[in-house]
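Raw contents of run_23.cif, mmCIF, C-alpha atoms:
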data_start
#
loop_
_atom_site.label_atom_id
_atom_site.label_comp_id
_atom_site.auth_asym_id
_atom_site.auth_seq_id
_atom_site.Cartn_x
_atom_site.Cartn_y
_atom_site.Cartn_z
CA ASP A 1 -69.39 60.72 216.71
CA ILE A 2 -70.80 61.80 213.36
CA GLN A 3 -71.02 65.57 213.00
CA MET A 4 -73.69 67.27 210.94
CA THR A 5 -73.42 70.66 209.26
CA GLN A 6 -76.15 72.56 207.48
CA SER A 7 -75.98 75.51 205.14
CA PRO A 8 -77.04 78.16 204.97
CA SER A 9 -77.91 78.86 208.59
CA SER A 10 -80.64 81.19 207.39
CA LEU A 11 -82.11 82.42 204.14
CA SER A 12 -84.75 84.81 202.85
CA ALA A 13 -86.67 84.03 199.69
CA SER A 14 -89.73 85.22 197.85
CA VAL A 15 -92.97 83.31 197.54
CA GLY A 16 -92.64 80.95 194.61
CA ALA A 17 -88.86 80.73 194.82
CA ARG A 18 -86.92 77.49 194.74
CA VAL A 19 -85.06 76.95 198.00
CA THR A 20 -82.28 74.44 198.61
CA ILE A 21 -80.67 73.54 201.93
CA THR A 22 -77.64 71.31 202.23
CA CYS A 23 -76.65 68.94 205.01
CA GLN A 24 -73.24 67.33 205.26
CA ALA A 25 -72.21 64.41 207.46
CA SER A 26 -68.66 63.87 208.69
CA GLN A 27 -68.86 60.20 207.72
CA ASP A 28 -70.72 58.08 205.21
CA ILE A 29 -74.27 57.59 206.51
CA ARG A 30 -75.61 56.01 203.33
CA LYS A 31 -79.20 57.30 203.13
CA ASN A 32 -79.84 57.49 206.89
CA LEU A 33 -80.70 61.19 206.71
CA HIS A 34 -84.07 62.73 207.51
CA TRP A 35 -85.54 66.21 207.33
CA TYR A 36 -87.88 68.02 209.73
CA GLN A 37 -89.77 71.28 209.66
CA GLN A 38 -90.25 73.23 212.86
CA LYS A 39 -92.61 76.19 212.85
CA PRO A 40 -92.29 78.78 215.62
CA GLY A 41 -93.61 77.47 218.91
CA LYS A 42 -94.37 74.03 217.49
CA ALA A 43 -92.83 70.58 217.59
CA PRO A 44 -90.73 69.40 214.65
CA LYS A 45 -92.56 67.57 211.89
CA LEU A 46 -91.05 64.80 209.77
CA LEU A 47 -91.04 65.74 206.07
CA ILE A 48 -88.52 63.44 204.40
CA TYR A 49 -87.07 60.12 205.57
CA ASP A 50 -84.23 58.05 204.14
CA ALA A 51 -82.92 61.10 202.27
CA SER A 52 -85.58 61.19 199.59
CA ASN A 53 -88.85 59.58 200.74
CA LEU A 54 -91.75 61.96 201.28
CA GLU A 55 -93.65 61.32 204.51
CA ALA A 56 -97.35 60.67 203.98
CA GLY A 57 -99.41 63.85 203.72
CA VAL A 58 -96.44 66.13 203.06
CA PRO A 59 -96.84 68.41 200.01
CA SER A 60 -94.92 67.36 196.93
CA ARG A 61 -93.10 70.71 196.72
CA PHE A 62 -90.78 69.28 199.37
CA SER A 63 -88.08 66.88 198.20
CA GLY A 64 -84.76 65.46 199.28
CA SER A 65 -81.76 63.88 197.61
CA GLY A 66 -78.29 62.62 198.30
CA SER A 67 -76.44 59.75 199.92
CA GLY A 68 -73.16 59.15 201.68
CA THR A 69 -72.09 62.49 203.16
CA ASP A 70 -73.89 65.12 201.08
CA PHE A 71 -77.61 65.75 201.08
CA ASN A 72 -80.00 68.36 199.70
CA PHE A 73 -83.47 69.44 200.77
CA THR A 74 -85.51 71.47 198.29
CA ILE A 75 -88.73 73.44 198.38
CA SER A 76 -89.67 73.78 194.74
CA SER A 77 -92.01 76.75 195.17
CA LEU A 78 -91.83 78.48 198.54
CA GLN A 79 -95.18 79.17 200.20
CA PRO A 80 -95.91 81.56 203.10
CA GLU A 81 -96.72 78.60 205.36
CA ASP A 82 -93.19 77.23 204.81
CA LEU A 83 -91.75 79.87 207.15
CA ALA A 84 -89.91 77.59 209.58
CA THR A 85 -86.58 76.18 210.67
CA TYR A 86 -85.52 73.01 208.89
CA TYR A 87 -83.34 70.36 210.51
CA CYS A 88 -81.57 67.32 209.15
CA GLN A 89 -81.08 64.29 211.40
CA GLN A 90 -78.94 61.18 211.24
CA TYR A 91 -78.57 58.01 213.26
CA ASP A 92 -75.46 55.97 213.95
CA ASN A 93 -75.12 52.62 215.60
CA LEU A 94 -73.99 53.69 219.07
CA PRO A 95 -76.96 54.34 219.06
CA LEU A 96 -76.94 58.08 218.76
CA PHE A 97 -79.25 60.47 217.01
CA THR A 98 -77.82 63.79 215.88
CA PHE A 99 -79.54 66.81 214.40
CA GLY A 100 -78.02 69.45 212.20
CA PRO A 101 -77.93 73.00 213.56
CA GLY A 102 -80.93 74.07 211.47
CA THR A 103 -81.72 76.46 208.64
CA LYS A 104 -84.17 79.27 209.27
CA VAL A 105 -86.28 80.15 206.24
CA ASP A 106 -87.85 83.62 206.10
CA MET A 107 -90.01 85.30 203.50
CA LYS A 108 -88.44 88.17 201.59
CA GLN B 1 -103.14 58.60 214.31
CA VAL B 2 -100.84 58.31 217.27
CA GLN B 3 -100.77 61.22 219.69
CA LEU B 4 -98.21 61.97 222.39
CA GLN B 5 -98.66 64.37 225.28
CA GLU B 6 -96.00 65.45 227.74
CA SER B 7 -96.88 66.33 231.32
CA GLY B 8 -94.90 67.46 234.32
CA PRO B 9 -93.73 70.53 236.22
CA GLY B 10 -92.81 73.66 234.34
CA LEU B 11 -90.46 74.82 237.06
CA VAL B 12 -87.73 72.84 238.80
CA LYS B 13 -85.27 74.05 241.41
CA PRO B 14 -81.51 73.65 240.86
CA SER B 15 -80.16 70.27 242.03
CA GLN B 16 -83.64 68.71 241.94
CA THR B 17 -84.75 65.83 239.73
CA LEU B 18 -87.01 66.50 236.76
CA SER B 19 -89.80 63.98 236.15
CA LEU B 20 -91.83 64.09 232.94
CA THR B 21 -94.40 61.70 231.54
CA CYS B 22 -95.44 61.12 227.94
CA THR B 23 -98.89 59.60 227.47
CA VAL B 24 -99.49 57.83 224.17
CA SER B 25 -103.00 57.71 222.72
CA SER B 26 -104.64 56.30 219.60
CA GLY B 27 -102.09 53.50 219.52
CA SER B 28 -100.49 50.98 221.82
CA ILE B 29 -97.01 51.66 223.11
CA SER B 30 -96.40 47.90 222.85
CA SER B 31 -97.33 47.44 219.21
CA GLY B 32 -94.93 47.52 216.32
CA ASP B 33 -91.20 47.95 216.21
CA TYR B 34 -91.18 51.44 217.68
CA TYR B 35 -88.95 53.07 220.25
CA TRP B 36 -90.03 55.87 222.50
CA ASN B 37 -87.81 58.95 222.77
CA TRP B 38 -87.10 62.08 224.74
CA ILE B 39 -85.61 65.05 222.90
CA ARG B 40 -84.99 68.55 224.21
CA GLN B 41 -84.45 71.96 222.73
CA HIS B 42 -82.71 74.75 224.61
CA PRO B 43 -84.32 78.18 224.08
CA GLY B 44 -83.54 79.38 220.57
CA LYS B 45 -81.24 76.42 219.93
CA GLY B 46 -81.19 73.11 218.13
CA LEU B 47 -82.45 69.65 219.04
CA GLU B 48 -80.72 67.22 221.40
CA TRP B 49 -81.72 63.56 221.66
CA LEU B 50 -81.70 62.32 225.27
CA GLY B 51 -82.55 58.65 224.94
CA PHE B 52 -85.16 56.05 224.07
CA ILE B 53 -86.88 53.00 225.45
CA PHE B 54 -88.49 49.96 223.87
CA SER B 55 -91.76 48.66 225.27
CA SER B 56 -89.69 45.75 226.64
CA GLY B 57 -87.91 48.22 228.91
CA ARG B 58 -84.57 48.20 227.08
CA THR B 59 -83.04 51.67 227.08
CA TYR B 60 -80.37 53.67 225.26
CA TYR B 61 -79.11 57.07 226.29
CA ASN B 62 -77.10 59.90 224.82
CA PRO B 63 -73.59 59.37 226.24
CA SER B 64 -73.29 63.08 227.03
CA LEU B 65 -76.11 62.81 229.60
CA LYS B 66 -76.15 59.10 230.36
CA SER B 67 -75.33 59.36 234.05
CA ARG B 68 -78.17 61.81 234.72
CA VAL B 69 -81.00 60.45 232.55
CA ALA B 70 -83.35 57.54 233.12
CA ILE B 71 -86.30 56.51 230.98
CA SER B 72 -88.96 54.03 232.06
CA VAL B 73 -92.13 52.63 230.51
CA ASP B 74 -95.51 51.60 231.90
CA THR B 75 -97.22 49.56 229.19
CA SER B 76 -100.37 49.11 231.30
CA LYS B 77 -100.89 52.87 231.27
CA ASN B 78 -99.50 53.37 227.74
CA LEU B 79 -96.93 55.91 228.85
CA PHE B 80 -93.22 56.39 229.27
CA SER B 81 -91.33 58.70 231.56
CA LEU B 82 -88.12 60.71 231.85
CA LYS B 83 -86.07 61.53 234.90
CA VAL B 84 -83.13 63.92 234.81
CA THR B 85 -81.16 64.31 238.03
CA SER B 86 -79.12 67.24 239.32
CA MET B 87 -80.89 69.84 237.22
CA THR B 88 -79.14 73.14 236.53
CA ALA B 89 -80.01 76.26 234.56
CA ALA B 90 -78.32 74.62 231.57
CA ASP B 91 -81.13 72.06 231.52
CA THR B 92 -83.77 74.74 230.90
CA ALA B 93 -85.37 73.63 227.65
CA VAL B 94 -88.50 72.47 225.88
CA TYR B 95 -88.72 68.72 226.37
CA TYR B 96 -90.38 66.64 223.65
CA CYS B 97 -91.40 63.04 223.57
CA ALA B 98 -91.42 61.37 220.17
CA ARG B 99 -92.07 58.01 218.59
CA GLY B 100 -89.12 56.49 216.80
CA ALA B 101 -89.63 54.45 213.66
CA SER B 102 -87.37 52.60 211.26
CA SER B 103 -87.53 51.94 207.56
CA TRP B 104 -86.76 48.83 205.57
CA ASN B 105 -83.71 50.74 204.34
CA GLY B 106 -82.25 50.95 207.84
CA GLY B 107 -83.23 54.55 208.53
CA TYR B 108 -84.18 55.64 212.04
CA TYR B 109 -86.26 58.77 212.55
CA PHE B 110 -89.03 60.37 214.62
CA ASP B 111 -92.48 60.26 213.02
CA TYR B 112 -94.76 61.52 215.80
CA TRP B 113 -93.98 64.18 218.38
CA GLY B 114 -95.67 65.60 221.44
CA GLN B 115 -96.28 69.34 221.56
CA GLY B 116 -93.41 69.83 224.00
CA THR B 117 -93.27 71.19 227.52
CA LEU B 118 -91.06 74.04 228.70
CA VAL B 119 -89.06 73.24 231.82
CA THR B 120 -87.34 76.12 233.56
CA VAL B 121 -84.69 75.54 236.20
CA SER B 122 -84.70 78.35 238.72
CA SER B 123 -84.75 78.85 242.48
#
Could you spell out this file's structure in structure tokens?
Amino acid sequence: DIQMTQSPSSLSASVGARVTITCQASQDIRKNLHWYQQKPGKAPKLLIYDASNLEAGVPSRFSGSGSGTDFNFTISSLQPEDLATYYCQQYDNLPLFTFGPGTKVDMK
Amino acid sequence: QVQLQESGPGLVKPSQTLSLTCTVSSGSISSGDYYWNWIRQHPGKGLEWLGFIFSSGRTYYNPSLKSRVAISVDTSKNLFSLKVTSMTAADTAVYYCARGASSWNGGYYFDYWGQGTLVTVSS
């Protein structure tokens, strides 16, 4: 099975700060990596698919990059409404979907 | 836009079978190349994919739970369902249904989610 790691597990940043989260896969997953935002008490929401494609309606301050085993998710200017936990997700051909352990983003 | 809504009991006794339903609205469960998923989240923890079903009835399950999970679909009612047998306290979680989509690039992800339903296993 492909294992996913995320770092950091949590972070605190000020409004307007640039925030970057990394996700690493244990095997090459090409660009089959997707990012979700989960606000407290809510369902996850798809933000980025295929590593770097912004889902329709998602603000452009969110972006993703990477391929193979190393991926980045960036919030270019953190807003108060971005307080959430962010998860990466991959798919392999078993089929099996796996999520990363999550990164909790707090406001400083 | 597509909406999904989970329904079912919030409390299940140990050893019983959990049955949940996900009703899909504003879109047909039979249209498009989508697959219909169940995902759960233990309290304060991460996300665990349980399995999915195509509108044809073909299913795939997470190997870690395969023997206990069954997913079915009723296209006439535009819904799909989850059964988990032999429930224990370790199965206490928020259960989500979600639509699975794929991209031309071969990516597979979840683009619409239900609000989730908390299931507690307790006597």
Checklist line | Gap from CA of Trp113 in chain B to CA of Asp33 in chain B - Å, one decimal | finding: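 Between these atoms lies a distance of 16.6 Å.
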Item checked: Contacts of Leu78 in chain A within 7 Å, all atoms listed in the file, excl. fewer than 2 positions in-chain, as an MDAnalysis selection string -> chainID A and resid 15:19 75:76 80 82
Note to self: Here's the selection I'm unsure about, the PyMOL selection byres ((chain B and resi 44) around 12); applied to the file above, which residues does it give, as a ChimeraX atom specification?
What the structure shows: /A:38,40-41,85,101-102,104 /B:40-43,45-47,92-94
Check: CA of Ile39 in chain B and CA of Glu81 in chain A, how far apart in Å?
Finding: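 Going from CA of Glu81 in chain A over to CA of Ile39 in chain B covers 24.8 Å.
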Item checked: chain A residues near chain B (12 Å cut-off, all atoms listed in the file) as a PyMOL selection string -> chain A and resi 1+4+6+9+29-56+85-104
Output C-alpha atoms of each residue in that selection to a file, as a PDB file, keeping the file's coordinate frame.
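Saved file result37.pdb follows:
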ATOM      1  CA  ASP A   1     -69.390  60.720 216.710  1.00  0.00           C
ATOM      2  CA  MET A   4     -73.690  67.270 210.940  1.00  0.00           C
ATOM      3  CA  GLN A   6     -76.150  72.560 207.480  1.00  0.00           C
ATOM      4  CA  SER A   9     -77.910  78.860 208.590  1.00  0.00           C
ATOM      5  CA  ILE A  29     -74.270  57.590 206.510  1.00  0.00           C
ATOM      6  CA  ARG A  30     -75.610  56.010 203.330  1.00  0.00           C
ATOM      7  CA  LYS A  31     -79.200  57.300 203.130  1.00  0.00           C
ATOM      8  CA  ASN A  32     -79.840  57.490 206.890  1.00  0.00           C
ATOM      9  CA  LEU A  33     -80.700  61.190 206.710  1.00  0.00           C
ATOM     10  CA  HIS A  34     -84.070  62.730 207.510  1.00  0.00           C
ATOM     11  CA  TRP A  35     -85.540  66.210 207.330  1.00  0.00           C
ATOM     12  CA  TYR A  36     -87.880  68.020 209.730  1.00  0.00           C
ATOM     13  CA  GLN A  37     -89.770  71.280 209.660  1.00  0.00           C
ATOM     14  CA  GLN A  38     -90.250  73.230 212.860  1.00  0.00           C
ATOM     15  CA  LYS A  39     -92.610  76.190 212.850  1.00  0.00           C
ATOM     16  CA  PRO A  40     -92.290  78.780 215.620  1.00  0.00           C
ATOM     17  CA  GLY A  41     -93.610  77.470 218.910  1.00  0.00           C
ATOM     18  CA  LYS A  42     -94.370  74.030 217.490  1.00  0.00           C
ATOM     19  CA  ALA A  43     -92.830  70.580 217.590  1.00  0.00           C
ATOM     20  CA  PRO A  44     -90.730  69.400 214.650  1.00  0.00           C
ATOM     21  CA  LYS A  45     -92.560  67.570 211.890  1.00  0.00           C
ATOM     22  CA  LEU A  46     -91.050  64.800 209.770  1.00  0.00           C
ATOM     23  CA  LEU A  47     -91.040  65.740 206.070  1.00  0.00           C
ATOM     24  CA  ILE A  48     -88.520  63.440 204.400  1.00  0.00           C
ATOM     25  CA  TYR A  49     -87.070  60.120 205.570  1.00  0.00           C
ATOM     26  CA  ASP A  50     -84.230  58.050 204.140  1.00  0.00           C
ATOM     27  CA  ALA A  51     -82.920  61.100 202.270  1.00  0.00           C
ATOM     28  CA  SER A  52     -85.580  61.190 199.590  1.00  0.00           C
ATOM     29  CA  ASN A  53     -88.850  59.580 200.740  1.00  0.00           C
ATOM     30  CA  LEU A  54     -91.750  61.960 201.280  1.00  0.00           C
ATOM     31  CA  GLU A  55     -93.650  61.320 204.510  1.00  0.00           C
ATOM     32  CA  ALA A  56     -97.350  60.670 203.980  1.00  0.00           C
ATOM     33  CA  THR A  85     -86.580  76.180 210.670  1.00  0.00           C
ATOM     34  CA  TYR A  86     -85.520  73.010 208.890  1.00  0.00           C
ATOM     35  CA  TYR A  87     -83.340  70.360 210.510  1.00  0.00           C
ATOM     36  CA  CYS A  88     -81.570  67.320 209.150  1.00  0.00           C
ATOM     37  CA  GLN A  89     -81.080  64.290 211.400  1.00  0.00           C
ATOM     38  CA  GLN A  90     -78.940  61.180 211.240  1.00  0.00           C
ATOM     39  CA  TYR A  91     -78.570  58.010 213.260  1.00  0.00           C
ATOM     40  CA  ASP A  92     -75.460  55.970 213.950  1.00  0.00           C
ATOM     41  CA  ASN A  93     -75.120  52.620 215.600  1.00  0.00           C
ATOM     42  CA  LEU A  94     -73.990  53.690 219.070  1.00  0.00           C
ATOM     43  CA  PRO A  95     -76.960  54.340 219.060  1.00  0.00           C
ATOM     44  CA  LEU A  96     -76.940  58.080 218.760  1.00  0.00           C
ATOM     45  CA  PHE A  97     -79.250  60.470 217.010  1.00  0.00           C
ATOM     46  CA  THR A  98     -77.820  63.790 215.880  1.00  0.00           C
ATOM     47  CA  PHE A  99     -79.540  66.810 214.400  1.00  0.00           C
ATOM     48  CA  GLY A 100     -78.020  69.450 212.200  1.00  0.00           C
ATOM     49  CA  PRO A 101     -77.930  73.000 213.560  1.00  0.00           C
ATOM     50  CA  GLY A 102     -80.930  74.070 211.470  1.00  0.00           C
ATOM     51  CA  THR A 103     -81.720  76.460 208.640  1.00  0.00           C
ATOM     52  CA  LYS A 104     -84.170  79.270 209.270  1.00  0.00           C
TER      53      LYS A 104
END
Next item on the list: Considering all atoms listed in the file, state which residue in the set A:Ser60, A:Ser7, A:Ser26, A:Thr20 is at the smallest distance from Thr74 in chain A.
Entry: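 Ranked by minimum distance to Thr74 in chain A, first place goes to A:Thr20.
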Next item on the list: Give as a PyMOL selection string the residues that the PyMOL selection byres ((chain A and resi 105) around 6) matches when applied to the coordinates above.
Entry: chain A and resi 10-12+83-85+104+106
Item checked: Computed interatomic separation between CA of Arg99 in chain B and CA of Leu20 in chain B (Å) ->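 The value is 15.6 Å.
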Notebook entry, point to check: Within 7 Å of Ile29 in chain B, counting all atoms listed in the file, which residues qualify if same-chain residues fewer than 2 places away don't, as a list of chain:residue names?
Noted result: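 These residues fall inside the cut-off: B:Val24, B:Gly27, B:Ser31, B:Ser55, B:Thr75, B:Asn78.
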Item checked: Residues selected by the PyMOL selection byres ((chain B and resi 2) around 6), written as a list in words ->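 Going through the file, the PyMOL selection byres ((chain B and resi 2) around 6) ends up selecting Gln1, Gln3, Ser25, Ser26 and Gly27 of chain B.
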Margin query: Just want the 9 Å neighbourhood of range 8-19 of chain B, counted on only C-alpha atoms, with same-chain residues fewer than 5 positions away dropped. Output as JSON, numbers by chain.
Written below: {"B": [81, 82, 83, 84, 85, 86, 87, 88, 89, 117, 118, 119, 120, 121, 122, 123]}
Kindly complete range 14-26 of chain A to N, CA, C and O atoms; the output should be written as a PDB file, in the coordinates of the input.
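The file below, rebuild.pdb, is the result:
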ATOM      1  N   SER A  14     -88.397  84.754 198.216  1.00  0.00           N
ATOM      2  CA  SER A  14     -89.730  85.220 197.850  1.00  0.00           C
ATOM      3  C   SER A  14     -90.680  84.044 197.678  1.00  0.00           C
ATOM      4  O   SER A  14     -90.248  82.915 197.396  1.00  0.00           O
ATOM      5  N   VAL A  15     -91.954  84.326 197.825  1.00  0.00           N
ATOM      6  CA  VAL A  15     -92.970  83.310 197.540  1.00  0.00           C
ATOM      7  C   VAL A  15     -92.796  82.829 196.105  1.00  0.00           C
ATOM      8  O   VAL A  15     -92.603  83.633 195.184  1.00  0.00           O
ATOM      9  N   GLY A  16     -92.809  81.536 195.935  1.00  0.00           N
ATOM     10  CA  GLY A  16     -92.640  80.950 194.610  1.00  0.00           C
ATOM     11  C   GLY A  16     -91.214  80.580 194.276  1.00  0.00           C
ATOM     12  O   GLY A  16     -90.970  79.866 193.283  1.00  0.00           O
ATOM     13  N   ALA A  17     -90.275  81.016 195.091  1.00  0.00           N
ATOM     14  CA  ALA A  17     -88.860  80.730 194.820  1.00  0.00           C
ATOM     15  C   ALA A  17     -88.525  79.274 195.119  1.00  0.00           C
ATOM     16  O   ALA A  17     -89.180  78.615 195.919  1.00  0.00           O
ATOM     17  N   ARG A  18     -87.459  78.832 194.461  1.00  0.00           N
ATOM     18  CA  ARG A  18     -86.920  77.490 194.740  1.00  0.00           C
ATOM     19  C   ARG A  18     -85.845  77.640 195.806  1.00  0.00           C
ATOM     20  O   ARG A  18     -84.940  78.472 195.689  1.00  0.00           O
ATOM     21  N   VAL A  19     -85.960  76.851 196.852  1.00  0.00           N
ATOM     22  CA  VAL A  19     -85.060  76.950 198.000  1.00  0.00           C
ATOM     23  C   VAL A  19     -84.359  75.609 198.194  1.00  0.00           C
ATOM     24  O   VAL A  19     -85.012  74.559 198.187  1.00  0.00           O
ATOM     25  N   THR A  20     -83.042  75.659 198.371  1.00  0.00           N
ATOM     26  CA  THR A  20     -82.280  74.440 198.610  1.00  0.00           C
ATOM     27  C   THR A  20     -81.407  74.597 199.841  1.00  0.00           C
ATOM     28  O   THR A  20     -80.717  75.605 200.005  1.00  0.00           O
ATOM     29  N   ILE A  21     -81.470  73.598 200.709  1.00  0.00           N
ATOM     30  CA  ILE A  21     -80.670  73.540 201.930  1.00  0.00           C
ATOM     31  C   ILE A  21     -79.780  72.306 201.824  1.00  0.00           C
ATOM     32  O   ILE A  21     -80.214  71.254 201.338  1.00  0.00           O
ATOM     33  N   THR A  22     -78.534  72.449 202.276  1.00  0.00           N
ATOM     34  CA  THR A  22     -77.640  71.310 202.230  1.00  0.00           C
ATOM     35  C   THR A  22     -77.288  70.842 203.638  1.00  0.00           C
ATOM     36  O   THR A  22     -77.246  71.628 204.588  1.00  0.00           O
ATOM     37  N   CYS A  23     -77.054  69.561 203.758  1.00  0.00           N
ATOM     38  CA  CYS A  23     -76.650  68.940 205.010  1.00  0.00           C
ATOM     39  C   CYS A  23     -75.475  68.029 204.693  1.00  0.00           C
ATOM     40  O   CYS A  23     -75.520  67.264 203.711  1.00  0.00           O
ATOM     41  N   GLN A  24     -74.435  68.138 205.494  1.00  0.00           N
ATOM     42  CA  GLN A  24     -73.240  67.330 205.260  1.00  0.00           C
ATOM     43  C   GLN A  24     -72.895  66.556 206.526  1.00  0.00           C
ATOM     44  O   GLN A  24     -72.885  67.116 207.632  1.00  0.00           O
ATOM     45  N   ALA A  25     -72.615  65.267 206.344  1.00  0.00           N
ATOM     46  CA  ALA A  25     -72.210  64.410 207.460  1.00  0.00           C
ATOM     47  C   ALA A  25     -70.703  64.216 207.437  1.00  0.00           C
ATOM     48  O   ALA A  25     -70.088  64.208 206.373  1.00  0.00           O
ATOM     49  N   SER A  26     -70.115  64.028 208.613  1.00  0.00           N
ATOM     50  CA  SER A  26     -68.660  63.870 208.690  1.00  0.00           C
ATOM     51  C   SER A  26     -68.206  62.476 208.286  1.00  0.00           C
ATOM     52  O   SER A  26     -67.012  62.248 208.101  1.00  0.00           O
TER      53      SER A  26
END
